[in-house]
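Chemist: If it helps, the file is called work-v9.txt and holds compact mmCIF, C-alpha atoms and all ligand atoms:
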```
# COMPACT_ATOMS: atom_id res chain seq x y z
CA MET L 1 149.18 149.61 176.73
CA SER L 2 151.58 152.58 176.80
CA ILE L 3 150.39 156.18 176.80
CA ARG L 4 151.76 156.50 173.30
CA SER L 5 149.81 153.53 171.98
CA LEU L 6 146.77 154.67 173.91
CA ARG L 7 147.03 158.01 172.18
CA SER L 8 147.40 156.43 168.74
CA ALA L 9 144.49 154.12 169.49
CA HIS L 10 142.45 157.18 170.47
CA ILE L 11 143.46 158.96 167.26
CA ALA L 12 142.53 155.87 165.25
CA ILE L 13 139.08 155.79 166.88
CA VAL L 14 138.56 159.50 166.08
CA VAL L 15 139.65 158.95 162.47
CA VAL L 16 137.29 155.97 162.12
CA SER L 17 134.39 157.97 163.60
CA LEU L 18 135.11 160.92 161.31
CA ALA L 19 135.27 158.63 158.29
CA ALA L 20 131.97 157.04 159.27
CA THR L 21 130.37 160.43 159.80
CA SER L 22 131.66 161.90 156.57
CA ALA L 23 130.34 158.92 154.64
CA GLY L 24 126.99 159.46 156.33
CA GLN L 25 126.99 155.89 157.62
CA GLN L 26 125.84 154.43 160.88
CA ALA L 27 128.20 152.55 163.14
CA PRO L 28 128.08 148.80 162.55
CA VAL L 29 124.89 147.30 163.90
CA GLY L 30 125.55 144.22 165.94
CA TYR L 31 126.46 142.77 169.27
CA ASP L 32 129.61 142.16 171.28
CA ASP L 33 127.90 140.85 174.41
CA THR L 34 126.70 137.60 172.84
CA PRO L 35 128.43 134.21 173.18
CA MET L 36 131.34 133.38 170.92
CA GLN L 37 130.49 131.10 168.02
CA PRO L 38 131.81 127.53 168.44
CA ASN L 39 134.98 128.13 166.38
CA GLY L 40 135.91 131.06 168.63
CA LYS L 41 136.32 133.63 165.85
CA TRP L 42 133.35 135.94 166.30
CA HIS L 43 130.55 136.74 168.66
CA ILE L 44 127.07 135.71 167.46
CA HIS L 45 125.79 138.71 165.41
CA ASP L 46 129.24 140.37 165.70
CA GLY L 47 129.04 143.90 164.28
CA LYS L 48 132.81 143.96 163.74
CA ARG L 49 132.81 140.93 161.48
CA PRO L 50 133.82 142.04 157.96
CA GLN L 51 130.93 142.88 155.68
CA PRO L 52 130.74 140.53 152.66
CA ALA L 53 131.85 142.08 149.38
CA ILE L 54 129.04 143.40 147.21
CA VAL L 55 128.61 141.52 143.93
CA ALA L 56 125.97 142.74 141.49
CA PRO L 57 124.01 139.72 140.26
CA GLY L 58 122.86 139.37 136.67
CA PRO L 59 119.73 141.17 135.52
CA ALA L 60 116.53 140.44 137.39
CA ASN L 61 114.44 137.64 135.95
CA VAL L 62 111.55 138.96 133.94
CA SER L 63 109.60 135.80 134.66
CA PRO L 64 109.72 133.22 137.44
CA VAL L 65 112.03 130.20 137.12
CA PRO L 66 109.70 127.36 136.09
CA ALA L 67 109.28 124.43 138.48
CA PRO L 68 110.65 121.12 137.17
CA ALA L 69 108.22 118.25 136.62
CA ASP L 70 108.97 116.44 139.88
CA ALA L 71 108.72 119.52 142.10
CA ILE L 72 106.02 120.16 144.68
CA VAL L 73 104.77 123.70 144.11
CA LEU L 74 104.35 125.47 147.44
CA VAL L 75 103.54 128.94 146.10
CA GLY L 76 102.31 128.91 142.52
CA ALA L 77 100.55 131.15 140.07
CA GLY L 78 97.20 129.57 140.94
CA GLY L 79 97.13 131.33 144.29
CA ASP L 80 96.57 128.17 146.29
CA LEU L 81 97.52 128.31 149.99
CA SER L 82 96.51 124.72 150.72
CA ALA L 83 100.14 123.58 151.19
CA TRP L 84 100.49 125.87 154.22
CA GLN L 85 99.22 126.22 157.75
CA MET L 86 99.90 128.33 160.82
CA THR L 87 102.21 126.83 163.45
CA ASP L 88 99.18 125.73 165.51
CA GLY L 89 97.83 123.78 162.53
CA SER L 90 95.04 126.24 161.67
CA PRO L 91 94.61 127.43 158.04
CA ALA L 92 97.27 129.83 156.76
CA THR L 93 96.09 133.44 156.99
CA TRP L 94 98.69 135.25 154.87
CA ALA L 95 97.25 136.99 151.82
CA MET L 96 97.72 135.38 148.41
CA LYS L 97 97.20 137.82 145.54
CA SER L 98 97.81 136.97 141.89
CA GLY L 99 100.11 134.10 142.79
CA MET L 100 102.06 136.25 145.22
CA LEU L 101 102.13 135.50 148.92
CA GLU L 102 102.39 138.44 151.30
CA THR L 103 103.71 138.05 154.83
CA GLY L 104 101.00 138.32 157.46
CA LYS L 105 100.70 137.84 161.18
CA GLY L 106 102.48 134.74 162.46
CA ILE L 107 104.82 132.16 160.94
CA ILE L 108 103.43 129.86 158.27
CA ARG L 109 104.76 126.40 157.52
CA THR L 110 104.13 123.66 155.04
CA LYS L 111 101.89 120.79 156.04
CA ALA L 112 104.41 118.42 154.47
CA GLN L 113 107.63 117.48 156.22
CA PHE L 114 110.97 117.17 154.50
CA THR L 115 114.50 115.93 155.09
CA ASP L 116 116.87 116.44 152.15
CA PHE L 117 115.71 118.70 149.33
CA GLN L 118 116.26 121.31 146.65
CA LEU L 119 114.21 124.45 147.31
CA HIS L 120 113.59 127.40 145.01
CA VAL L 121 112.26 130.63 146.52
CA GLU L 122 111.51 134.00 144.93
CA PHE L 123 111.00 136.99 147.20
CA ALA L 124 110.80 140.77 147.03
CA THR L 125 111.25 143.28 149.83
CA PRO L 126 109.18 146.50 149.62
CA SER L 127 110.19 149.03 146.98
CA GLU L 128 109.37 151.73 149.49
CA VAL L 129 112.22 151.53 151.96
CA LYS L 130 111.23 151.70 155.62
CA GLY L 131 113.41 150.94 158.62
CA ASP L 132 117.02 149.87 158.68
CA SER L 133 119.27 147.02 159.73
CA GLN L 134 117.12 144.08 160.89
CA GLY L 135 113.95 146.16 160.57
CA ARG L 136 113.99 146.41 156.77
CA GLY L 137 112.39 143.67 154.73
CA ASN L 138 113.01 141.02 157.37
CA SER L 139 111.50 137.58 156.88
CA GLY L 140 113.19 134.23 156.60
CA VAL L 141 113.10 130.77 155.10
CA PHE L 142 113.26 128.20 157.89
CA LEU L 143 114.51 124.84 156.64
CA LEU L 144 112.85 121.99 158.58
CA GLY L 145 111.26 124.86 160.50
CA LYS L 146 114.54 125.20 162.42
CA PHE L 147 117.41 126.47 160.24
CA GLU L 148 116.98 130.02 158.92
CA ILE L 149 118.26 131.40 155.66
CA GLN L 150 117.71 135.09 156.31
CA VAL L 151 115.49 137.21 154.09
CA LEU L 152 116.30 140.91 154.44
CA ASP L 153 116.63 144.00 152.29
CA SER L 154 120.45 144.02 152.31
CA TYR L 155 120.84 146.56 149.52
CA ARG L 156 122.86 149.38 151.10
CA ASN L 157 121.52 148.39 154.49
CA PRO L 158 124.32 147.62 156.95
CA THR L 159 123.58 145.10 159.66
CA TYR L 160 125.55 142.43 161.44
CA PRO L 161 126.96 140.19 158.70
CA ASP L 162 125.55 136.93 160.08
CA GLY L 163 122.10 138.52 159.89
CA GLN L 164 122.08 139.91 156.36
CA ALA L 165 120.23 138.44 153.38
CA ALA L 166 121.26 134.84 152.61
CA ALA L 167 123.06 134.49 155.95
CA MET L 168 122.72 131.28 157.95
CA TYR L 169 121.25 133.51 160.63
CA GLY L 170 123.50 134.00 163.63
CA GLN L 171 126.10 131.63 162.18
CA TYR L 172 127.58 132.47 158.77
CA PRO L 173 127.29 135.57 156.57
CA PRO L 174 126.90 134.93 152.85
CA LEU L 175 130.20 134.69 150.96
CA VAL L 176 129.21 137.87 149.09
CA ASN L 177 126.26 140.24 149.12
CA ALA L 178 124.38 139.54 145.88
CA SER L 179 121.27 141.52 146.83
CA ARG L 180 119.11 143.30 144.31
CA PRO L 181 117.55 146.70 145.03
CA PRO L 182 114.36 146.94 147.08
CA GLY L 183 111.23 145.86 145.22
CA GLU L 184 113.02 143.66 142.68
CA TRP L 185 112.38 139.93 142.62
CA GLN L 186 115.25 137.86 143.97
CA THR L 187 115.92 134.14 144.10
CA TYR L 188 117.29 131.63 146.56
CA ASP L 189 118.22 128.20 145.27
CA ILE L 190 118.90 126.00 148.25
CA ALA L 191 120.28 122.46 148.52
CA PHE L 192 119.79 121.07 152.01
CA THR L 193 120.85 117.90 153.77
CA ALA L 194 119.10 117.25 157.07
CA PRO L 195 121.07 116.38 160.18
CA ARG L 196 121.49 112.72 161.06
CA PHE L 197 121.38 111.25 164.55
CA THR L 198 122.60 108.03 166.09
CA GLN L 199 120.14 105.58 167.57
CA ALA L 200 121.11 106.97 170.95
CA GLY L 201 119.93 110.39 169.76
CA THR L 202 123.32 112.09 169.55
CA LEU L 203 124.32 114.09 166.50
CA ASP L 204 125.94 112.02 163.77
CA LYS L 205 126.09 114.59 160.94
CA PRO L 206 125.02 118.24 161.11
CA ALA L 207 122.62 119.93 158.69
CA VAL L 208 124.43 121.17 155.58
CA VAL L 209 123.26 123.86 153.19
CA THR L 210 124.30 125.31 149.84
CA VAL L 211 122.64 128.57 148.76
CA LEU L 212 122.68 130.54 145.53
CA HIS L 213 121.34 134.08 145.85
CA ASN L 214 120.29 135.49 142.49
CA GLY L 215 122.42 132.76 140.90
CA VAL L 216 125.52 133.64 142.93
CA LEU L 217 126.96 131.00 145.28
CA VAL L 218 126.78 132.44 148.80
CA GLN L 219 126.82 129.37 151.08
CA ASN L 220 128.95 126.48 149.91
CA ALA L 221 128.07 123.22 151.67
CA LYS L 222 128.15 124.87 155.09
CA ALA L 223 127.22 122.98 158.25
CA PHE L 224 124.87 124.57 160.77
CA TRP L 225 126.21 124.59 164.32
CA GLY L 226 122.67 124.02 165.49
CA PRO L 227 119.11 125.31 165.03
CA THR L 228 118.72 129.05 164.51
CA ALA L 229 118.14 131.33 167.46
CA HIS L 230 118.63 135.02 168.25
CA LYS L 231 121.82 135.87 170.17
CA LYS L 232 122.55 132.19 170.70
CA ILE L 233 122.77 128.89 168.87
CA ASP L 234 120.46 126.12 169.98
CA PRO L 235 121.71 122.54 170.39
CA TYR L 236 120.84 119.78 167.96
CA THR L 237 118.08 117.46 169.13
CA PRO L 238 116.68 114.43 167.25
CA ASP L 239 113.43 116.28 166.46
CA THR L 240 115.42 118.51 164.07
CA ALA L 241 115.96 115.55 161.69
CA LYS L 242 112.90 116.45 159.61
CA GLY L 243 110.36 119.21 159.42
CA PRO L 244 108.42 121.67 157.29
CA ILE L 245 109.50 124.70 155.30
CA ALA L 246 108.47 127.76 157.30
CA LEU L 247 108.32 131.44 156.35
CA GLN L 248 108.95 134.01 159.03
CA ASP L 249 106.78 136.97 159.97
CA HIS L 250 109.14 139.63 161.32
CA GLY L 251 106.64 142.47 161.09
CA ASN L 252 107.88 143.71 157.69
CA PRO L 253 105.95 143.22 154.46
CA VAL L 254 107.75 140.78 152.15
CA ARG L 255 106.30 139.04 149.10
CA TYR L 256 106.99 135.48 147.92
CA ARG L 257 106.17 133.82 144.62
CA ASN L 258 107.07 130.66 142.75
CA VAL L 259 108.28 128.56 145.67
CA TRP L 260 108.90 124.93 144.85
CA ILE L 261 110.69 121.97 146.39
CA ARG L 262 112.12 118.68 145.24
CA SER L 263 112.68 116.01 147.86
CA LEU L 264 115.96 114.14 147.44
CA LYS L 265 116.48 110.48 148.10
CA ASP L 266 119.35 109.50 150.36
CA ASP L 267 120.14 106.21 148.58
CA ASN L 268 122.66 107.36 145.95
MG MG L 301 114.55 136.78 159.57
```
Rewrite the coordinates I just gave you, this time as structure tokens.
Modeler:
Amino acid sequence: MSIRSLRSAHIAIVVVSLAATSAGQQAPVGYDDTPMQPNGKWHIHDGKRPQPAIVAPGPANVSPVPAPADAIVLVGAGGDLSAWQMTDGSPATWAMKSGMLETGKGIIRTKAQFTDFQLHVEFATPSEVKGDSQGRGNSGVFLLGKFEIQVLDSYRNPTYPDGQAAAMYGQYPPLVNASRPPGEWQTYDIAFTAPRFTQAGTLDKPAVVTVLHNGVLVQNAKAFWGPTAHKKIDPYTPDTAKGPIALQDHGNPVRYRNVWIRSLKDDN
């Protein structure tokens, strides 16, 4: 790099810093010391990856989306926690109040196991904003207990794009940021196809997910590179072919209500 281009690069950095300061914003939160993702475009949790465009969803639902007749209700108005357990198999200890489930200590997961399904989730991050980036309203919906769709308060809360709300955590940001303000009820509608393995135990087809966030398409039949991890991507193993739905405890209070699932047959 010539002295001249060095100087212009320096000026550009100063201009960017001034712009960030004048807007009162933090520098992007993310990592550049993590492995590259398999397609070689970005680091895992890359803070320089473009932020998804913000799209205001339609008005918040005034009432939960009713479960269809063939759905299994996982969190319902009756306040029943019997579908859930802790990861060691002991009874679920999260608080259920008036049909709303509040995150507690430890991950909870369904007793039932699933493969392909449609899943509806309603969640709300706290109306009183505390923390920032990954420390604000962080929870997560783990499909088969392995593949996370991130839950986060992503309303005016910059973080690394592959870790914001509705991201396939550590892999793909949502197509757009359709988050509602803190405290408002939000929806995920998820269609999931489990990974398939050969008899020899090698991956045949990866897990594929479609996600609507507040009715807005944010993941469109995207394949997971592997099970979710922090600062890395785990390899596929045959035990990821089926599993429970799990909800993450990340130390932030998040509420869930009206969670239901419809198992899909693979014989069409
Ligand atoms: Mg999370």
Chemist: Could you make a table, as a tab-separated table, of the residues of chain L that have an atom within 9 Å of an atom of ligand MG 301 (chain L), each with its nearest atom pair and distance in Å to one decimal, counting all atoms listed in the file, in chain and number order?
Modeler:
```
residue	atom	partner	partner_atom	distance
L:Gln134	CA	L:MG301	MG	7.9
L:Gly137	CA	L:MG301	MG	8.7
L:Asn138	CA	L:MG301	MG	5.0
L:Ser139	CA	L:MG301	MG	4.1
L:Gly140	CA	L:MG301	MG	4.1
L:Val141	CA	L:MG301	MG	7.6
L:Phe142	CA	L:MG301	MG	8.8
L:Glu148	CA	L:MG301	MG	7.2
L:Ile149	CA	L:MG301	MG	7.6
L:Gln150	CA	L:MG301	MG	4.8
L:Val151	CA	L:MG301	MG	5.6
L:Leu152	CA	L:MG301	MG	6.8
L:Gly163	CA	L:MG301	MG	7.8
L:Gln164	CA	L:MG301	MG	8.8
L:Ala165	CA	L:MG301	MG	8.6
L:Tyr169	CA	L:MG301	MG	7.5
L:Leu247	CA	L:MG301	MG	8.8
L:Gln248	CA	L:MG301	MG	6.3
L:Asp249	CA	L:MG301	MG	7.8
L:His250	CA	L:MG301	MG	6.4
```
Chemist: Calculated over all atoms listed in the file, which of the candidates L:Val65, L:Val121, L:Ile107, L:Ala246 has the smallest distance to Lys146 of chain L?
Modeler: L:Ala246
Chemist: Give the answer as one residue: which of L:Glu128, L:Asp80, L:Asp116, L:Glu122 has the shortest atom-to-atom distance to Lys242 of chain L, using only C-alpha atoms?
Modeler: L:Asp116
Chemist: Using only C-alpha atoms, can you tell me which of L:Gly79, L:Gly58, L:Pro52, L:Pro126 comes closest to Ala166 of chain L?
Modeler: L:Pro52
Chemist: Pick out the closest residue to Asn214 of chain L from this set: L:Lys130, L:His120, L:Lys105, L:His43. Count all atoms listed in the file.
Modeler: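 Closest to Asn214 of chain L, using all atoms listed in the file: L:His120.
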Chemist: Which residue is closest to Thr103 of chain L? Choose from L:Pro50, L:Leu264, L:Thr125, L:Phe197 and count all atoms listed in the file.
Modeler: L:Thr125
Chemist: Taking 3 positions as the minimum chain separation for residues in the same chain, which residues sit within 9 Å of Phe114 of chain L when counting all atoms listed in the file? Answer as a ChimeraX atom specification.
Modeler: /L:117,143-144,194,241-245,263
Chemist: For each of L:Val254, L:Ala200, L:Ala178, L:Ile72, take the minimum atom-to-atom distance to Gln118 of chain L, counting all atoms listed in the file, then give the residue where this is smallest.
Modeler: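 Under the stated criterion, the closest residue is L:Ile72.
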Chemist: Around the point (120.8, 119.3, 145.3), in the coordinates given by the file, pick out the residues reaching within 12 Å, counting all atoms listed in the file, and return them as a list in words.
Modeler: Asp116, Phe117, Gln118, Leu119, His120, Asp189, Ile190, Ala191, Phe192, Thr193, Val208, Val209, Thr210, Val211, Leu212, Asn220, Ala221, Ile261, Arg262, Ser263, Leu264, Lys265 and Asp266 of chain L
Chemist: Write out as a VMD selection string which residues come within 8 Å of Ala77 of chain L when counting all atoms listed in the file, dropping same-chain ones fewer than 5 positions away.
Modeler: chain L and resid 98 to 100 257 to 258
Chemist: What would the list of residues within 7 Å of (123.7, 149.4, 157.0) (file frame) look like as a PDB file with C-alpha atoms, in the frame of the given file, if all atoms listed in the file are what count?
Modeler:
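Generated file (selection_4.pdb):
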```pdb
ATOM      1  CA  GLN L  26     125.840 154.430 160.880  1.00  0.00           C
ATOM      2  CA  ASP L 132     117.020 149.870 158.680  1.00  0.00           C
ATOM      3  CA  SER L 133     119.270 147.020 159.730  1.00  0.00           C
ATOM      4  CA  ARG L 156     122.860 149.380 151.100  1.00  0.00           C
ATOM      5  CA  ASN L 157     121.520 148.390 154.490  1.00  0.00           C
ATOM      6  CA  PRO L 158     124.320 147.620 156.950  1.00  0.00           C
ATOM      7  CA  THR L 159     123.580 145.100 159.660  1.00  0.00           C
TER       8      THR L 159
END
```
Chemist: Give me the box for segment 141-153 of chain L as AutoDock Vina command-line options, namely the centre and edge lengths in Å to one decimal of a box along x, y and z that holds every listed atom plus 3 Å on each side.
Modeler:
```
--center_x 114.8 --center_y 133.0 --center_z 157.4 --size_x 13.0 --size_y 28.0 --size_z 16.1
```
Chemist: Work out how far atom CA of Gln37 of chain L is from atom CA of Lys231 of chain L, in Å to one decimal.
Modeler: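 We find that atom CA of Lys231 of chain L and atom CA of Gln37 of chain L lie 10.1 Å from each other.
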Chemist: Quick one: pull the distance between atom CA of Pro173 of chain L and atom CA of Asp46 of chain L, Å, one decimal.
Modeler: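 Computed distance, atom CA of Pro173 of chain L to atom CA of Asp46 of chain L, equals 10.5 Å.
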